Amino acid sequence: MEKGTYGYLNKKHETAAVRTAAFFAFTLLLVILGRVFFKEHSKVFTICAIISVVPAAMSAVNLIMFLRYKTGRKEIFDETELARGSIPVLYDCVFTTEKESYGVNAVGIINKNIILYSEYKQFDAAGLEKHLSYITKKNGYKNWTIKVFTELEKYTGRLNYLREKEIRLTKNDREMVDLVKAIIL
């Protein structure tokens, strides 16, 4: 499943859980093989098991990051789809900074506007706006309006407003969609 599609986070939960379990099972298998079946080479199997813990641990960290956020309610998706028209919208986005992670249900991008909606409580909207402003300017995109909404009605209202202006998608808008896809988990 591609980044930005509805259901992406739930699918990532499943794949990360399976991958993590497989990595740890492989490590355990190496330990058992070394201790039970190949006693004369047990040190080699132990070293291999120790080395195999690194990717398993990295996969576990990835799993933990994805478990913090889930795919938004179906109503959010349905209302956004009704409001967006031809405006590109990315769903199930997780933005990360050095200090914090932000779960965002939907991101609409059109005409130098990036509008985001998040249903998560305790959400630092100003912090995410500041981070995205920094990222866009750093990548050469100046004068973009970035607004985070925590109320679905206001978010869909803004999408409706932008859709009714009948703005055409520009090259910069397409590039911004690609940039946002590149920076989300």
# chains A, B, ... in the order shown; residues from 1 in each chain; ligands from 1
>>> select_by_dssp(residues="stretch 89-138 of chain A", states="helix (DSSP H, G or I)", output="ChimeraX atom specification")
/A:125-138
>>> write_last_selection(atoms="N, CA, C and O atoms", output="short mmCIF file (atom, residue, chain, number, x, y, z; two decimals), in the first residue's frame")
data_model
loop_
_atom_site.label_atom_id
_atom_site.label_comp_id
_atom_site.auth_asym_id
_atom_site.auth_seq_id
_atom_site.Cartn_x
_atom_site.Cartn_y
_atom_site.Cartn_z
N ALA A 125 -0.57 21.81 17.17
CA ALA A 125 -0.77 22.28 15.80
C ALA A 125 0.28 23.32 15.41
O ALA A 125 0.83 23.28 14.30
N ALA A 126 0.58 24.23 16.31
CA ALA A 126 1.56 25.28 16.01
C ALA A 126 2.95 24.67 15.77
O ALA A 126 3.69 25.12 14.88
N GLY A 127 3.29 23.64 16.52
CA GLY A 127 4.58 22.98 16.34
C GLY A 127 4.69 22.31 14.98
O GLY A 127 5.74 22.39 14.32
N LEU A 128 3.62 21.67 14.54
CA LEU A 128 3.63 21.03 13.22
C LEU A 128 3.66 22.07 12.11
O LEU A 128 4.40 21.91 11.13
N GLU A 129 2.92 23.15 12.27
CA GLU A 129 2.94 24.22 11.27
C GLU A 129 4.34 24.80 11.14
O GLU A 129 4.83 25.03 10.03
N LYS A 130 4.99 25.01 12.26
CA LYS A 130 6.35 25.56 12.26
C LYS A 130 7.31 24.59 11.57
O LYS A 130 8.15 24.98 10.75
N HIS A 131 7.19 23.31 11.87
CA HIS A 131 8.06 22.29 11.28
C HIS A 131 7.86 22.23 9.76
O HIS A 131 8.84 22.21 9.00
N LEU A 132 6.62 22.20 9.32
CA LEU A 132 6.35 22.12 7.89
C LEU A 132 6.78 23.40 7.16
O LEU A 132 7.26 23.34 6.03
N SER A 133 6.63 24.52 7.82
CA SER A 133 7.11 25.78 7.24
C SER A 133 8.62 25.74 7.04
O SER A 133 9.13 26.14 5.99
N TYR A 134 9.32 25.22 8.02
CA TYR A 134 10.77 25.08 7.92
C TYR A 134 11.15 24.14 6.77
O TYR A 134 12.03 24.44 5.97
N ILE A 135 10.48 23.00 6.68
CA ILE A 135 10.77 22.01 5.64
C ILE A 135 10.50 22.60 4.25
O ILE A 135 11.31 22.43 3.33
N THR A 136 9.38 23.27 4.08
CA THR A 136 9.05 23.82 2.77
C THR A 136 10.05 24.88 2.35
O THR A 136 10.52 24.89 1.22
N LYS A 137 10.40 25.78 3.27
CA LYS A 137 11.38 26.82 2.94
C LYS A 137 12.75 26.23 2.65
O LYS A 137 13.44 26.67 1.74
N LYS A 138 13.13 25.24 3.42
CA LYS A 138 14.42 24.58 3.22
C LYS A 138 14.51 23.94 1.84
O LYS A 138 15.58 23.86 1.25
#
>>> residues_around(residues="stretch 43-60 of chain A", least_positions_apart="6", cutoff="7 Å", atoms="only C-alpha atoms", output="PyMOL selection string")
chain A and resi 16+20+23-24+27+30-31+34
>>> closest_residue(among="A:Thr5, A:Asn62, A:Ser42, A:Thr80", to="A:Lys154", atoms="only C-alpha atoms")
A:Thr80
>>> residues_around(residues="A:Ser86", least_positions_apart="4", cutoff="10 Å", atoms="only C-alpha atoms", output="tab-separated table (two decimals) with all heavy atoms, in the first residue's frame")
chain	number	residue	atom	x	y	z
A	81	GLU	N	-13.33	13.08	1.30
A	81	GLU	CA	-13.49	12.73	-0.11
A	81	GLU	C	-14.62	13.55	-0.76
A	81	GLU	O	-14.50	13.97	-1.91
A	81	GLU	CB	-13.76	11.24	-0.28
A	81	GLU	CG	-12.54	10.37	-0.12
A	81	GLU	CD	-11.49	10.61	-1.19
A	81	GLU	OE1	-11.78	10.43	-2.38
A	81	GLU	OE2	-10.36	10.99	-0.82
A	110	ILE	N	-2.91	22.32	-2.38
A	110	ILE	CA	-3.29	22.99	-3.63
A	110	ILE	C	-2.99	24.48	-3.52
A	110	ILE	O	-3.16	25.08	-2.46
A	110	ILE	CB	-4.80	22.77	-3.96
A	110	ILE	CG1	-5.16	23.26	-5.35
A	110	ILE	CG2	-5.69	23.45	-2.96
A	110	ILE	CD1	-5.14	22.23	-6.39
A	163	ARG	N	-11.82	24.09	-3.32
A	163	ARG	CA	-12.38	23.38	-4.48
A	163	ARG	C	-13.27	24.31	-5.30
A	163	ARG	O	-13.22	24.32	-6.53
A	163	ARG	CB	-13.17	22.16	-4.02
A	163	ARG	CG	-13.69	21.32	-5.19
A	163	ARG	CD	-14.72	20.31	-4.79
A	163	ARG	NE	-15.95	21.03	-4.47
A	163	ARG	CZ	-16.78	20.70	-3.50
A	163	ARG	NH1	-16.53	19.69	-2.72
A	163	ARG	NH2	-17.88	21.39	-3.28
A	166	GLU	N	-12.00	26.57	-8.01
A	166	GLU	CA	-11.64	25.88	-9.25
A	166	GLU	C	-10.17	26.13	-9.63
A	166	GLU	O	-9.85	26.49	-10.77
A	166	GLU	CB	-12.58	26.28	-10.38
A	166	GLU	CG	-14.01	25.84	-10.12
A	166	GLU	CD	-14.94	26.16	-11.27
A	166	GLU	OE1	-14.45	26.50	-12.36
A	166	GLU	OE2	-16.15	26.05	-11.06
A	167	ILE	N	-9.31	25.94	-8.69
A	167	ILE	CA	-7.88	26.11	-8.90
A	167	ILE	C	-7.34	24.86	-9.57
A	167	ILE	O	-7.69	23.74	-9.19
A	167	ILE	CB	-7.16	26.34	-7.55
A	167	ILE	CG1	-7.74	27.57	-6.87
A	167	ILE	CG2	-5.67	26.46	-7.74
A	167	ILE	CD1	-7.35	27.69	-5.42
A	168	ARG	N	-6.48	25.05	-10.53
A	168	ARG	CA	-5.85	23.91	-11.20
A	168	ARG	C	-4.58	23.51	-10.46
A	168	ARG	O	-3.88	24.37	-9.92
A	168	ARG	CB	-5.51	24.25	-12.64
A	168	ARG	CG	-6.72	24.45	-13.49
A	168	ARG	CD	-6.30	24.71	-14.91
A	168	ARG	NE	-7.44	25.08	-15.71
A	168	ARG	CZ	-8.03	24.27	-16.56
A	168	ARG	NH1	-7.56	23.07	-16.75
A	168	ARG	NH2	-9.07	24.67	-17.26
A	169	LEU	N	-4.31	22.24	-10.48
A	169	LEU	CA	-3.10	21.70	-9.87
A	169	LEU	C	-1.88	22.14	-10.67
A	169	LEU	O	-1.86	22.00	-11.89
A	169	LEU	CB	-3.20	20.17	-9.84
A	169	LEU	CG	-2.29	19.41	-8.92
A	169	LEU	CD1	-2.56	19.77	-7.47
A	169	LEU	CD2	-2.46	17.92	-9.12
>>> residues_around(residues="A:Gln122", least_positions_apart="6", cutoff="12 Å", atoms="only C-alpha atoms", output="ChimeraX atom specification")
/A:100-103,150
>>> closest_residue(among="A:Lys70, A:Lys39, A:Lys171, A:Lys121", to="A:Leu9", atoms="only C-alpha atoms")
A:Lys70
>>> residues_around(residues="A:Ser118", least_positions_apart="4", cutoff="8 Å", atoms="only C-alpha atoms", output="PyMOL selection string")
chain A and resi 103-106+123+148-151
>>> closest_residue(among="A:Arg84, A:Thr170, A:His41, A:Lys99", to="A:Arg158", atoms="only C-alpha atoms")
A:Arg84
>>> closest_residue(among="A:Leu33, A:Ile76, A:Leu162, A:Leu116", to="A:Val94", atoms="only C-alpha atoms")
A:Leu116
>>> residues_around(residues="A:Trp144", least_positions_apart="3", cutoff="7 Å", atoms="only C-alpha atoms", output="ChimeraX atom specification")
/A:112-113,141
>>> write_last_selection(atoms="all heavy atoms", output="tab-separated table (two decimals), in the first residue's frame")
chain	number	residue	atom	x	y	z
A	112	LYS	N	-0.42	26.58	-3.26
A	112	LYS	CA	0.43	27.06	-2.17
A	112	LYS	C	-0.26	27.00	-0.80
A	112	LYS	O	0.02	27.77	0.09
A	112	LYS	CB	0.94	28.48	-2.44
A	112	LYS	CG	1.92	28.54	-3.58
A	112	LYS	CD	2.61	29.88	-3.60
A	112	LYS	CE	3.79	29.83	-4.54
A	112	LYS	NZ	4.64	30.98	-4.39
A	113	ASN	N	-1.20	26.06	-0.66
A	113	ASN	CA	-1.88	25.80	0.61
A	113	ASN	C	-1.63	24.36	1.00
A	113	ASN	O	-1.84	23.45	0.20
A	113	ASN	CB	-3.39	26.01	0.48
A	113	ASN	CG	-3.78	27.46	0.38
A	113	ASN	OD1	-3.84	28.15	1.37
A	113	ASN	ND2	-4.03	27.91	-0.84
A	141	TYR	N	10.48	26.16	-1.34
A	141	TYR	CA	9.09	26.54	-1.54
A	141	TYR	C	8.75	27.65	-0.55
A	141	TYR	O	8.57	27.41	0.63
A	141	TYR	CB	8.16	25.33	-1.32
A	141	TYR	CG	8.43	24.22	-2.29
A	141	TYR	CD1	9.21	23.13	-1.92
A	141	TYR	CD2	7.93	24.26	-3.58
A	141	TYR	CE1	9.47	22.11	-2.81
A	141	TYR	CE2	8.19	23.24	-4.48
A	141	TYR	CZ	8.96	22.18	-4.08
A	141	TYR	OH	9.22	21.17	-4.97
>>> select_by_dssp(residues="stretch 61-135 of chain A", states="strand (DSSP E or B)", output="PyMOL selection string")
chain A and resi 89-96+101-110+113-117
>>> residues_around(residues="A:Val180", least_positions_apart="2", cutoff="9 Å", atoms="only C-alpha atoms", output="list in words")
Leu90, Cys93, Phe95, Val107, Glu175, Met176, Val177, Asp178, Ala182, Ile183 and Ile184 of chain A
